[in-house]
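Have a look at entry22.cif below; it lists mmCIF, C-alpha atoms and all ligand atoms.
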data_data
loop_
_atom_site.label_atom_id
_atom_site.label_comp_id
_atom_site.auth_asym_id
_atom_site.auth_seq_id
_atom_site.Cartn_x
_atom_site.Cartn_y
_atom_site.Cartn_z
CA MET A 20 0.00 0.00 0.00
CA ARG A 21 1.21 3.47 -0.81
CA PRO A 22 2.37 5.20 2.38
CA LEU A 23 0.81 8.46 3.47
CA LEU A 24 4.00 9.43 5.23
CA SER A 25 7.66 8.83 4.45
CA VAL A 26 10.31 9.72 6.99
CA VAL A 27 13.86 10.33 5.76
CA ILE A 28 16.63 9.88 8.33
CA PRO A 29 20.30 10.42 7.38
CA ALA A 30 22.78 8.59 9.59
CA TYR A 31 26.56 8.80 9.78
CA ASN A 32 28.34 6.88 12.54
CA GLU A 33 25.24 6.87 14.70
CA GLN A 34 25.42 3.43 16.32
CA GLU A 35 24.68 4.90 19.76
CA VAL A 36 21.42 6.50 18.71
CA ILE A 37 20.01 4.47 15.85
CA GLY A 38 18.03 2.03 18.03
CA GLU A 39 16.40 4.74 20.11
CA SER A 40 15.80 6.83 17.03
CA TYR A 41 13.93 3.99 15.34
CA ARG A 42 11.97 3.23 18.51
CA ARG A 43 10.73 6.79 18.96
CA LEU A 44 9.98 7.39 15.29
CA ASP A 45 8.16 4.10 14.95
CA LYS A 46 6.07 4.80 18.03
CA VAL A 47 4.99 8.22 16.76
CA CYS A 48 4.20 6.87 13.29
CA GLN A 49 2.24 3.90 14.59
CA GLU A 50 0.09 6.19 16.68
CA LEU A 51 -0.89 8.05 13.52
CA GLY A 52 -2.73 4.95 12.36
CA LYS A 53 -1.82 5.65 8.71
CA PRO A 54 0.51 3.75 6.37
CA TYR A 55 4.09 4.98 6.64
CA GLU A 56 7.69 4.10 5.78
CA LEU A 57 10.98 4.92 7.47
CA ILE A 58 13.89 5.50 5.10
CA PHE A 59 17.30 5.44 6.79
CA VAL A 60 20.26 6.56 4.68
CA ASN A 61 23.58 5.17 5.84
CA ASP A 62 26.06 7.83 4.74
CA GLY A 63 29.20 5.66 4.65
CA SER A 64 29.32 5.01 8.40
CA ARG A 65 32.44 3.31 9.68
CA ASP A 66 30.84 1.95 12.84
CA ASP A 67 28.00 -0.56 13.29
CA THR A 68 25.25 1.73 11.99
CA LEU A 69 24.61 -0.36 8.88
CA LYS A 70 24.53 -3.61 10.82
CA LEU A 71 22.01 -2.20 13.25
CA LEU A 72 19.90 -0.76 10.45
CA THR A 73 19.86 -4.04 8.56
CA GLY A 74 18.73 -5.77 11.76
CA ILE A 75 15.88 -3.28 12.13
CA ALA A 76 14.86 -3.64 8.47
CA ARG A 77 14.78 -7.42 8.83
CA LYS A 78 12.19 -7.10 11.59
CA ASP A 79 10.19 -4.23 10.13
CA PRO A 80 9.13 -4.25 6.45
CA ARG A 81 8.28 -0.56 6.70
CA VAL A 82 11.96 0.24 7.09
CA LYS A 83 14.08 0.87 4.01
CA VAL A 84 17.86 1.32 4.21
CA VAL A 85 19.80 3.18 1.52
CA ASP A 86 23.48 2.36 1.85
CA PHE A 87 26.00 4.80 0.32
CA SER A 88 29.29 3.62 -1.17
CA ARG A 89 31.11 6.16 1.06
CA ASN A 90 30.45 9.32 3.07
CA PHE A 91 28.83 11.88 0.76
CA GLY A 92 27.55 14.23 3.43
CA HIS A 93 24.31 15.06 5.16
CA GLN A 94 22.68 16.98 2.30
CA ALA A 95 23.38 14.21 -0.21
CA ALA A 96 21.95 11.65 2.22
CA VAL A 97 18.72 13.61 2.55
CA LEU A 98 18.42 13.86 -1.24
CA ALA A 99 18.90 10.10 -1.59
CA GLY A 100 16.15 9.57 0.98
CA LEU A 101 13.81 11.90 -0.91
CA GLU A 102 14.50 9.98 -4.10
CA GLN A 103 13.20 6.84 -2.38
CA ALA A 104 10.26 8.46 -0.62
CA GLY A 105 6.89 7.26 -1.89
CA GLY A 106 4.63 9.00 0.63
CA GLN A 107 2.19 11.80 -0.03
CA ALA A 108 4.11 13.76 2.57
CA THR A 109 7.74 13.34 3.62
CA VAL A 110 9.40 14.34 6.87
CA ILE A 111 13.16 14.94 6.99
CA ILE A 112 14.59 14.43 10.46
CA ASP A 113 18.06 14.02 12.02
CA CYS A 114 18.72 10.69 13.60
CA ASP A 115 20.27 12.06 16.81
CA LEU A 116 16.82 13.00 18.17
CA GLN A 117 17.66 16.70 18.38
CA ASP A 118 14.54 17.20 16.29
CA PRO A 119 11.60 15.74 18.25
CA PRO A 120 9.70 13.03 16.29
CA GLU A 121 6.70 13.84 18.49
CA LEU A 122 6.20 16.99 16.39
CA ILE A 123 5.32 14.95 13.30
CA PRO A 124 1.55 14.65 14.03
CA GLU A 125 1.32 18.45 14.34
CA MET A 126 3.22 18.86 11.09
CA LEU A 127 0.83 16.46 9.38
CA LYS A 128 -2.13 18.42 10.68
CA LEU A 129 -0.76 21.61 9.11
CA TRP A 130 -0.14 19.70 5.89
CA GLU A 131 -3.74 18.48 5.90
CA GLU A 132 -4.79 22.12 6.27
CA GLY A 133 -3.10 22.78 2.93
CA TYR A 134 0.50 23.76 3.70
CA GLU A 135 2.99 22.12 1.39
CA VAL A 136 6.09 22.82 3.50
CA VAL A 137 6.05 22.81 7.30
CA TYR A 138 9.53 23.74 8.52
CA GLY A 139 10.80 23.39 12.06
CA GLN A 140 12.11 26.65 13.49
CA ARG A 141 14.33 26.43 16.55
CA SER A 142 13.39 28.64 19.46
CA GLU A 143 16.25 27.35 21.58
CA ARG A 144 19.27 25.12 21.14
CA LYS A 145 20.17 22.90 24.02
CA GLY A 146 23.51 21.27 24.69
CA GLU A 147 25.37 23.04 21.91
CA SER A 148 28.55 25.02 22.36
CA LYS A 149 28.47 28.83 22.53
CA PHE A 150 30.59 28.83 19.38
CA LYS A 151 28.07 26.74 17.41
CA THR A 152 25.10 28.74 18.65
CA PHE A 153 26.78 32.02 17.79
CA THR A 154 28.05 30.97 14.35
CA ALA A 155 24.62 29.55 13.46
CA PHE A 156 22.94 32.76 14.64
CA ALA A 157 25.33 34.91 12.59
CA PHE A 158 25.18 32.63 9.55
CA TYR A 159 21.41 32.80 9.11
CA ARG A 160 21.45 36.57 9.40
CA ILE A 161 24.32 37.04 6.94
CA LEU A 162 22.68 34.56 4.56
CA ASN A 163 19.44 36.47 4.65
CA TRP A 164 21.15 39.76 4.07
CA MET A 165 23.02 38.36 1.10
CA THR A 166 20.31 36.39 -0.68
CA SER A 167 17.22 37.48 -2.51
CA VAL A 168 15.53 34.19 -1.59
CA ASN A 169 13.97 34.47 1.83
CA ILE A 170 15.50 31.59 3.80
CA PRO A 171 13.80 31.44 7.21
CA LYS A 172 16.14 32.08 10.14
CA ASP A 173 17.11 29.32 12.58
CA THR A 174 15.75 26.45 10.53
CA GLY A 175 17.51 23.19 9.80
CA ASP A 176 16.40 20.45 7.49
CA PHE A 177 13.78 19.19 9.95
CA ARG A 178 10.59 19.71 7.97
CA LEU A 179 7.60 18.11 6.32
CA ILE A 180 7.28 18.52 2.58
CA ASP A 181 4.50 17.54 0.22
CA GLU A 182 5.20 15.09 -2.61
CA LYS A 183 4.87 17.95 -5.13
CA VAL A 184 7.71 19.73 -3.36
CA VAL A 185 9.77 16.51 -3.23
CA ARG A 186 9.42 16.17 -6.99
CA ALA A 187 10.33 19.80 -7.60
CA MET A 188 13.30 19.49 -5.28
CA LEU A 189 14.66 16.43 -7.09
CA SER A 190 14.37 18.25 -10.40
CA LEU A 191 16.90 20.89 -9.28
CA LYS A 192 19.93 18.60 -9.55
CA GLU A 193 22.44 20.88 -7.87
CA LYS A 194 25.85 19.39 -7.25
CA ASN A 195 26.46 21.23 -3.96
CA PRO A 196 22.95 21.14 -2.55
CA PHE A 197 21.85 23.42 0.26
CA LEU A 198 18.41 21.98 0.87
CA ARG A 199 16.90 24.58 3.17
CA GLY A 200 17.74 27.24 0.60
CA MET A 201 16.41 25.14 -2.27
CA VAL A 202 13.09 24.59 -0.49
CA SER A 203 12.73 28.34 0.03
CA TRP A 204 13.58 28.99 -3.59
CA LEU A 205 10.87 26.57 -4.73
CA GLY A 206 8.10 28.57 -3.13
CA PHE A 207 4.84 26.69 -2.40
CA ARG A 208 2.72 27.31 0.68
CA GLN A 209 5.10 27.27 3.63
CA THR A 210 4.60 27.66 7.36
CA PRO A 211 6.89 27.40 10.40
CA ILE A 212 6.41 25.27 13.46
CA VAL A 213 8.45 26.37 16.46
CA PHE A 214 10.27 23.86 18.63
CA GLU A 215 13.03 23.63 21.20
CA ARG A 216 16.06 21.85 19.84
CA ALA A 217 16.98 19.13 22.30
CA GLU A 218 20.42 17.83 23.12
CA ARG A 219 21.89 15.03 21.08
CA PHE A 220 20.60 11.71 22.48
CA ALA A 221 24.10 10.21 22.44
CA GLY A 222 27.38 10.41 20.55
CA GLU A 223 29.03 13.51 19.16
CA THR A 224 28.20 15.94 16.41
CA LYS A 225 28.99 14.66 12.90
CA TYR A 226 29.35 18.24 11.71
CA PRO A 227 32.93 19.27 12.44
CA LEU A 228 34.06 22.78 11.59
CA LYS A 229 35.11 21.78 8.08
CA LYS A 230 31.65 20.45 7.18
CA MET A 231 30.02 23.48 8.79
CA PHE A 232 32.09 25.79 6.58
CA LYS A 233 31.26 23.74 3.50
CA LEU A 234 27.54 23.99 4.26
CA ALA A 235 27.78 27.71 4.96
CA GLY A 236 29.69 28.19 1.68
CA ASP A 237 27.04 26.27 -0.25
CA GLY A 238 24.35 28.42 1.35
CA ILE A 239 26.01 31.69 0.48
CA PHE A 240 27.63 30.99 -2.88
CA SER A 241 24.74 28.96 -4.31
CA PHE A 242 22.14 31.53 -3.39
CA SER A 243 23.84 34.87 -3.74
CA LEU A 244 25.99 36.91 -6.08
CA MET A 245 26.54 39.41 -3.29
CA PRO A 246 30.16 38.31 -2.61
CA LEU A 247 30.99 39.20 -6.22
CA ARG A 248 29.39 42.60 -5.75
CA ILE A 249 31.34 43.09 -2.51
CA ALA A 250 34.55 42.20 -4.37
CA TYR A 251 33.65 44.76 -7.01
CA VAL A 252 32.96 47.48 -4.45
CA LEU A 253 36.18 46.69 -2.56
CA GLY A 254 38.05 46.87 -5.84
CA CYS A 255 36.57 50.31 -6.53
CA ILE A 256 37.42 51.57 -3.02
CA SER A 257 40.98 50.33 -3.25
CA LEU A 258 41.37 51.90 -6.68
CA LEU A 259 40.15 55.18 -5.27
CA GLY A 260 42.56 54.85 -2.34
CA ALA A 261 45.38 54.11 -4.73
CA LEU A 262 44.54 57.20 -6.81
CA VAL A 263 44.57 59.41 -3.71
CA ASP A 264 47.87 57.84 -2.73
CA LEU A 265 49.21 58.53 -6.20
CA VAL A 266 48.34 62.20 -5.86
CA VAL A 267 50.10 62.30 -2.45
CA LEU A 268 53.04 60.56 -4.07
CA ILE A 269 53.32 63.14 -6.85
CA VAL A 270 53.00 66.07 -4.41
CA ARG A 271 55.69 64.58 -2.15
CA ALA A 272 57.93 63.94 -5.13
CA CYS A 273 57.59 67.60 -6.18
CA GLN A 274 58.55 68.65 -2.63
CA GLY A 275 61.54 66.31 -2.66
CA LEU A 276 60.20 64.24 0.33
CA PRO A 277 60.89 60.48 0.74
CA LEU A 278 58.39 58.22 -1.08
CA PHE A 279 59.13 54.75 0.23
CA SER A 280 56.23 54.33 2.72
CA GLN A 281 53.65 55.51 0.19
CA VAL A 282 54.85 53.13 -2.46
CA LEU A 283 54.84 50.27 0.03
CA TYR A 284 51.26 51.02 1.05
CA LEU A 285 50.20 51.20 -2.54
CA VAL A 286 51.70 47.89 -3.49
CA LEU A 287 51.06 45.82 -0.37
CA PHE A 288 47.66 46.89 0.81
CA ALA A 289 45.79 48.19 -2.17
CA ALA A 290 47.08 45.66 -4.65
CA PHE A 291 47.95 42.32 -3.08
CA GLY A 292 45.38 41.99 -0.32
CA LEU A 293 42.44 42.88 -2.44
CA VAL A 294 43.51 40.95 -5.49
CA PHE A 295 43.79 37.78 -3.44
CA LEU A 296 40.48 38.36 -1.72
CA CYS A 297 38.71 38.88 -5.02
CA LEU A 298 40.44 35.89 -6.59
CA GLY A 299 39.25 33.78 -3.68
CA ILE A 300 35.67 34.91 -4.15
CA LEU A 301 35.85 34.25 -7.88
CA GLY A 302 37.36 30.86 -7.13
CA GLN A 303 34.32 29.90 -5.05
CA TYR A 304 32.04 30.42 -8.03
CA ILE A 305 34.40 28.85 -10.55
CA GLY A 306 34.77 25.77 -8.34
CA ARG A 307 31.02 25.40 -8.28
CA ILE A 308 30.73 25.83 -12.04
CA TYR A 309 33.42 23.15 -12.36
CA ASP A 310 31.39 20.79 -10.17
CA GLU A 311 28.28 21.39 -12.25
CA ALA A 312 30.21 20.93 -15.51
CA LYS A 313 31.64 17.58 -14.46
CA GLY A 314 28.11 16.40 -13.84
CA ARG A 315 29.08 13.71 -11.36
CA PRO A 316 26.25 12.30 -9.28
CA VAL A 317 25.84 13.83 -5.81
CA TYR A 318 26.01 10.37 -4.21
CA LEU A 319 26.40 6.69 -5.08
CA VAL A 320 24.26 3.95 -3.59
CA ARG A 321 25.76 0.55 -2.85
CA GLU A 322 22.36 -1.03 -2.25
CA CYS A 323 18.84 -0.43 -1.04
CA ILE A 324 17.77 -2.83 1.64
CA GLN A 325 14.15 -3.65 2.36
CA TYR A 326 12.73 -6.96 3.48
CA PRO A 327 9.20 -7.84 2.37
CA GLU A 328 6.46 -8.78 4.82
CA GLU A 329 6.87 -12.51 4.01
CA ALA A 330 10.49 -12.49 5.15
CA LYS A 331 9.37 -11.35 8.54
CA GLU A 332 6.70 -14.05 8.78
CA ASP A 333 9.11 -16.76 7.58
CA GLU A 334 11.36 -16.05 10.52
CA HIS A 335 8.71 -16.87 13.08
N1 LIG B 401 25.05 13.24 8.91
C1 LIG B 401 25.21 12.55 7.70
N2 LIG B 401 26.39 12.67 7.04
C2 LIG B 401 27.42 13.47 7.49
C3 LIG B 401 27.20 14.21 8.69
C4 LIG B 401 26.01 14.07 9.36
O1 LIG B 401 24.32 11.82 7.27
O2 LIG B 401 28.44 13.53 6.83
C5 LIG B 401 23.76 13.12 9.63
C6 LIG B 401 23.88 12.74 11.09
O3 LIG B 401 23.95 11.34 11.29
C7 LIG B 401 22.62 13.34 11.68
C8 LIG B 401 22.40 14.58 10.81
O4 LIG B 401 23.14 14.38 9.62
O5 LIG B 401 21.51 12.50 11.54
C9 LIG B 401 22.86 15.85 11.49
O6 LIG B 401 24.17 15.72 11.95
P1 LIG B 401 24.62 16.18 13.42
O7 LIG B 401 23.54 15.88 14.38
O8 LIG B 401 25.95 15.58 13.72
O9 LIG B 401 24.77 17.74 13.21
P2 LIG B 401 24.47 18.89 14.29
O10 LIG B 401 23.10 18.61 14.85
O11 LIG B 401 25.53 18.75 15.33
O12 LIG B 401 24.55 20.15 13.51
MG MG B 402 22.52 16.91 15.67
#
Using the file provided, produce a representation of the structure as structure tokens.
Amino acid sequence: MRPLLSVVIPAYNEQEVIGESYRRLDKVCQELGKPYELIFVNDGSRDDTLKLLTGIARKDPRVKVVDFSRNFGHQAAVLAGLEQAGGQATVIIDCDLQDPPELIPEMLKLWEEGYEVVYGQRSERKGESKFKTFTAFAFYRILNWMTSVNIPKDTGDFRLIDEKVVRAMLSLKEKNPFLRGMVSWLGFRQTPIVFERAERFAGETKYPLKKMFKLAGDGIFSFSLMPLRIAYVLGCISLLGALVDLVVLIVRACQGLPLFSQVLYLVLFAAFGLVFLCLGILGQYIGRIYDEAKGRPVYLVRECIQYPEEAKEDEH
């Protein structure tokens, strides 16, 4: 039977939480009394995540496991889950239980009222370092200032999306996907649902600084040309500064004063610093064009695991 609800859960080295995550999600979904499926995406975990997931799938035919050939990252894992989702509505949720599964019935209610995207908005973040809270706070504000697409502040990927939106999303085919931006870009009828972000159930964050920067870069450079405009403005300012300096240089030369410091300023500050900054910004866009041009898939699946109902019955 076609499920009403699909739940997509990316997992990377989550052996400590996967059991509890399944238990809580399954409980919430069962209470709905509607057909559902749970799609776990194993994003190249190096621990026992896959083994545990396979065990769960063996017992529960509603569980599907998509196993990646290696670690492709959180955003890729969510996309792979969406590709598999057959429900009329799909919920994307982290597997560390920071996003409460108990919110799903409320999300479904809003969806039944006609909203096509119900996104979780964090009112509070528990158990996260000051650094993470601050950088996230700053990031969403900078992103909003820079982009013309209105990406709601303090939202993650925890959201319910209608099947129409899933289809539209999969048609975008971006190589460095930033899903929360893409969903905003798509439009549709959207509404927030506010929640308190809990602490991680167990284990550590799978988003080290490097991955956080990559995600932030995808958000900014895939949704805004503002950095290029900033580079242009900085270039103009430095050119102006250099011209003023040139005038000073000429005047001093006429007066027979020493010129060394002015020349140094001109060359070091105005030229080198800005040229490198602007090259870096250009590089960000060129790198992304390069990724698009290569056209490699965003992820590779080793296998999709799902056991049919009969398999379960055979075991007993
Ligand atoms: N995750 C993933 N691939 C990665 C990193 C993370 O699938 O390369 C998953 C992870 O298992 C979790 C979700 O993405 O379900 C969010 O990661 P995490 O909770 O570590 O991020 P944080 O909440 O600390 O920002
Ligand atoms: Mg988390």
Point-to-point distance from CA of Lys151 in chain A to atom O12 of ligand LIG 401 (chain B), Å rounded to tenths: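 A separation of 8.4 Å between them.
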Gap from CA of Tyr159 in chain A to CA of Ser203 in chain A - Å, one decimal: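 Those two atoms sit 13.3 Å apart.
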Selection: 10 Å around Trp204 in chain A, all atoms listed in the file, excl. self and same-chain fewer than 4 positions, as an MDAnalysis selection string: chainID A and resid 167:170 188 198:200 242
Nearest to ligand LIG 401 (chain B), chosen from A:Gln107, A:Asn32, A:Ser25, A:Gln325, with all atoms listed in the file counted in the distances: A:Asn32
Surroundings of ligand MG 402 (chain B) up to 6 Å, based on all atoms listed in the file, as a PyMOL selection string: chain A and resi 115+117+219+224
CA of Gln303 in chain A to CA of Met245 in chain A, distance in Å rounded to a single decimal: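 Those two atoms sit 12.4 Å apart.
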So that I can see what lies close to range 258-264 of chain A, please list as a short mmCIF file (atom, residue, chain, number, x, y, z; two decimals) with C-alpha atoms, in the frame of the given file the residues with an atom at most 8 Å from it, counting all atoms listed in the file and leaving out residues fewer than 4 positions away in the same chain.
data_model
loop_
_atom_site.label_atom_id
_atom_site.label_comp_id
_atom_site.auth_asym_id
_atom_site.auth_seq_id
_atom_site.Cartn_x
_atom_site.Cartn_y
_atom_site.Cartn_z
CA GLY A 254 38.05 46.87 -5.84
CA LEU A 268 53.04 60.56 -4.07
CA GLN A 281 53.65 55.51 0.19
CA LEU A 285 50.20 51.20 -2.54
CA ALA A 289 45.79 48.19 -2.17
#
Closest of A:Ser142, A:Gln103, A:Thr174, A:Gln49 to ligand LIG 401 (chain B) - atom-to-atom distances counting all atoms listed in the file: A:Thr174
Shortest interatomic distance to Cys114 in chain A - which of A:Val36, A:Ile269, A:Leu234, A:Val202, counting only C-alpha atoms: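 Answer, going by the shortest atom-to-atom distance: A:Val36.
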Residue nearest Arg248 in chain A - candidates A:Leu205, A:Phe232, A:Leu301, A:Phe220, atoms counted: only C-alpha atoms: A:Leu301
Using only C-alpha atoms and all ligand atoms, what does the table of chain A residues within 8 Å of ligand LIG 401 (chain B) look like, with each row giving the shortest atom pair and its distance in Å to one decimal, sorted by chain and ascending number, as CSV?
residue,atom,partner,partner_atom,distance
A:Ile28,CA,B:LIG401,O5,6.4
A:Pro29,CA,B:LIG401,O1,4.3
A:Ala30,CA,B:LIG401,O3,3.4
A:Tyr31,CA,B:LIG401,O3,3.9
A:Asn32,CA,B:LIG401,O3,6.4
A:Glu33,CA,B:LIG401,O3,5.8
A:Val60,CA,B:LIG401,O1,7.1
A:Asn61,CA,B:LIG401,O1,6.8
A:Asp62,CA,B:LIG401,O1,5.0
A:Gly63,CA,B:LIG401,N2,7.9
A:Asn90,CA,B:LIG401,O2,6.0
A:Phe91,CA,B:LIG401,O2,6.3
A:Gly92,CA,B:LIG401,O2,3.6
A:His93,CA,B:LIG401,C1,3.7
A:Gln94,CA,B:LIG401,O1,7.3
A:Ala95,CA,B:LIG401,O1,7.9
A:Ala96,CA,B:LIG401,O1,5.6
A:Val97,CA,B:LIG401,O1,7.5
A:Ile112,CA,B:LIG401,O5,7.3
A:Asp113,CA,B:LIG401,O5,3.8
A:Cys114,CA,B:LIG401,O5,3.9
A:Asp115,CA,B:LIG401,O5,5.4
A:Gln117,CA,B:LIG401,O10,6.8
A:Glu147,CA,B:LIG401,O11,7.9
A:Arg219,CA,B:LIG401,O7,7.0
A:Glu223,CA,B:LIG401,O8,6.6
A:Thr224,CA,B:LIG401,O8,3.5
A:Lys225,CA,B:LIG401,O8,3.3
A:Tyr226,CA,B:LIG401,O8,4.8
A:Pro227,CA,B:LIG401,O11,8.0
A:Lys230,CA,B:LIG401,O2,7.6
A:Met231,CA,B:LIG401,O12,8.0
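Here the question is which of A:Glu102, A:Glu35, A:Glu193, A:Asp86 gets nearest to Ser241 in chain A using only C-alpha atoms, and that residue is A:Glu193.
Nearest-residue note for Leu116 in chain A: choosing from A:Phe156, A:Tyr326, A:Phe291, A:Phe177, the minimum distance belongs to A:Phe177, counting all atoms listed in the file.
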Neighbour list for Val84 in chain A as a ChimeraX atom specification, cut-off 12 Å, all atoms listed in the file, skip fewer than 5 positions in-chain: /A:26-30,56-62,68-77,79,96,99-100,103-104,320-326
Polymer residues at most 7 Å from range 178-186 of chain A, all atoms listed in the file, same-chain spacing of 6 or more positions, as a PyMOL selection string: chain A and resi 101+106-111+126+135-139
Complete range 302-327 of chain A at the level of N, CA and C atoms, written as a compact mmCIF listing (two decimals), in the frame of the given file.
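What follows is the written file result.txt:
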# COMPACT_ATOMS: atom_id res chain seq x y z
N GLY A 302 37.05 32.29 -7.18
CA GLY A 302 37.36 30.86 -7.13
C GLY A 302 36.18 30.06 -6.60
N GLN A 303 35.48 30.60 -5.61
CA GLN A 303 34.32 29.90 -5.05
C GLN A 303 33.29 29.61 -6.14
N TYR A 304 33.05 30.61 -6.97
CA TYR A 304 32.04 30.42 -8.03
C TYR A 304 32.57 29.50 -9.12
N ILE A 305 33.84 29.69 -9.48
CA ILE A 305 34.40 28.85 -10.55
C ILE A 305 34.41 27.38 -10.12
N GLY A 306 34.77 27.14 -8.86
CA GLY A 306 34.77 25.77 -8.34
C GLY A 306 33.40 25.13 -8.47
N ARG A 307 32.38 25.94 -8.19
CA ARG A 307 31.02 25.40 -8.28
C ARG A 307 30.61 25.16 -9.72
N ILE A 308 31.03 26.04 -10.61
CA ILE A 308 30.73 25.83 -12.04
C ILE A 308 31.42 24.54 -12.50
N TYR A 309 32.65 24.35 -12.04
CA TYR A 309 33.42 23.15 -12.36
C TYR A 309 32.67 21.89 -11.91
N ASP A 310 32.16 21.94 -10.67
CA ASP A 310 31.39 20.79 -10.17
C ASP A 310 30.17 20.51 -11.04
N GLU A 311 29.48 21.58 -11.42
CA GLU A 311 28.28 21.39 -12.25
C GLU A 311 28.68 20.83 -13.62
N ALA A 312 29.79 21.34 -14.17
CA ALA A 312 30.21 20.93 -15.51
C ALA A 312 30.60 19.46 -15.55
N LYS A 313 31.24 18.99 -14.49
CA LYS A 313 31.64 17.58 -14.46
C LYS A 313 30.42 16.67 -14.46
N GLY A 314 29.37 17.15 -13.84
CA GLY A 314 28.11 16.40 -13.84
C GLY A 314 28.16 15.08 -13.10
N ARG A 315 29.06 14.96 -12.14
CA ARG A 315 29.08 13.71 -11.36
C ARG A 315 27.85 13.62 -10.48
N PRO A 316 27.40 12.40 -10.19
CA PRO A 316 26.25 12.30 -9.28
C PRO A 316 26.61 12.82 -7.89
N VAL A 317 25.61 13.26 -7.15
CA VAL A 317 25.84 13.83 -5.81
C VAL A 317 26.19 12.72 -4.82
N TYR A 318 25.72 11.49 -5.10
CA TYR A 318 26.01 10.37 -4.21
C TYR A 318 25.95 9.07 -5.01
N LEU A 319 26.50 8.02 -4.45
CA LEU A 319 26.40 6.69 -5.08
C LEU A 319 25.86 5.69 -4.07
N VAL A 320 24.90 4.91 -4.50
CA VAL A 320 24.26 3.95 -3.59
C VAL A 320 24.86 2.57 -3.82
N ARG A 321 25.28 1.93 -2.71
CA ARG A 321 25.76 0.55 -2.85
C ARG A 321 24.56 -0.37 -3.03
N GLU A 322 23.60 -0.25 -2.09
CA GLU A 322 22.36 -1.03 -2.25
C GLU A 322 21.23 -0.43 -1.42
N CYS A 323 20.02 -0.80 -1.81
CA CYS A 323 18.84 -0.43 -1.04
C CYS A 323 18.33 -1.70 -0.38
N ILE A 324 18.16 -1.62 0.92
CA ILE A 324 17.77 -2.83 1.64
C ILE A 324 16.34 -2.68 2.16
N GLN A 325 15.50 -3.62 1.78
CA GLN A 325 14.15 -3.65 2.36
C GLN A 325 13.67 -5.09 2.32
N TYR A 326 13.22 -5.59 3.44
CA TYR A 326 12.73 -6.96 3.48
C TYR A 326 11.21 -6.96 3.36
N PRO A 327 10.66 -7.81 2.51
CA PRO A 327 9.20 -7.84 2.37
C PRO A 327 8.54 -8.47 3.59
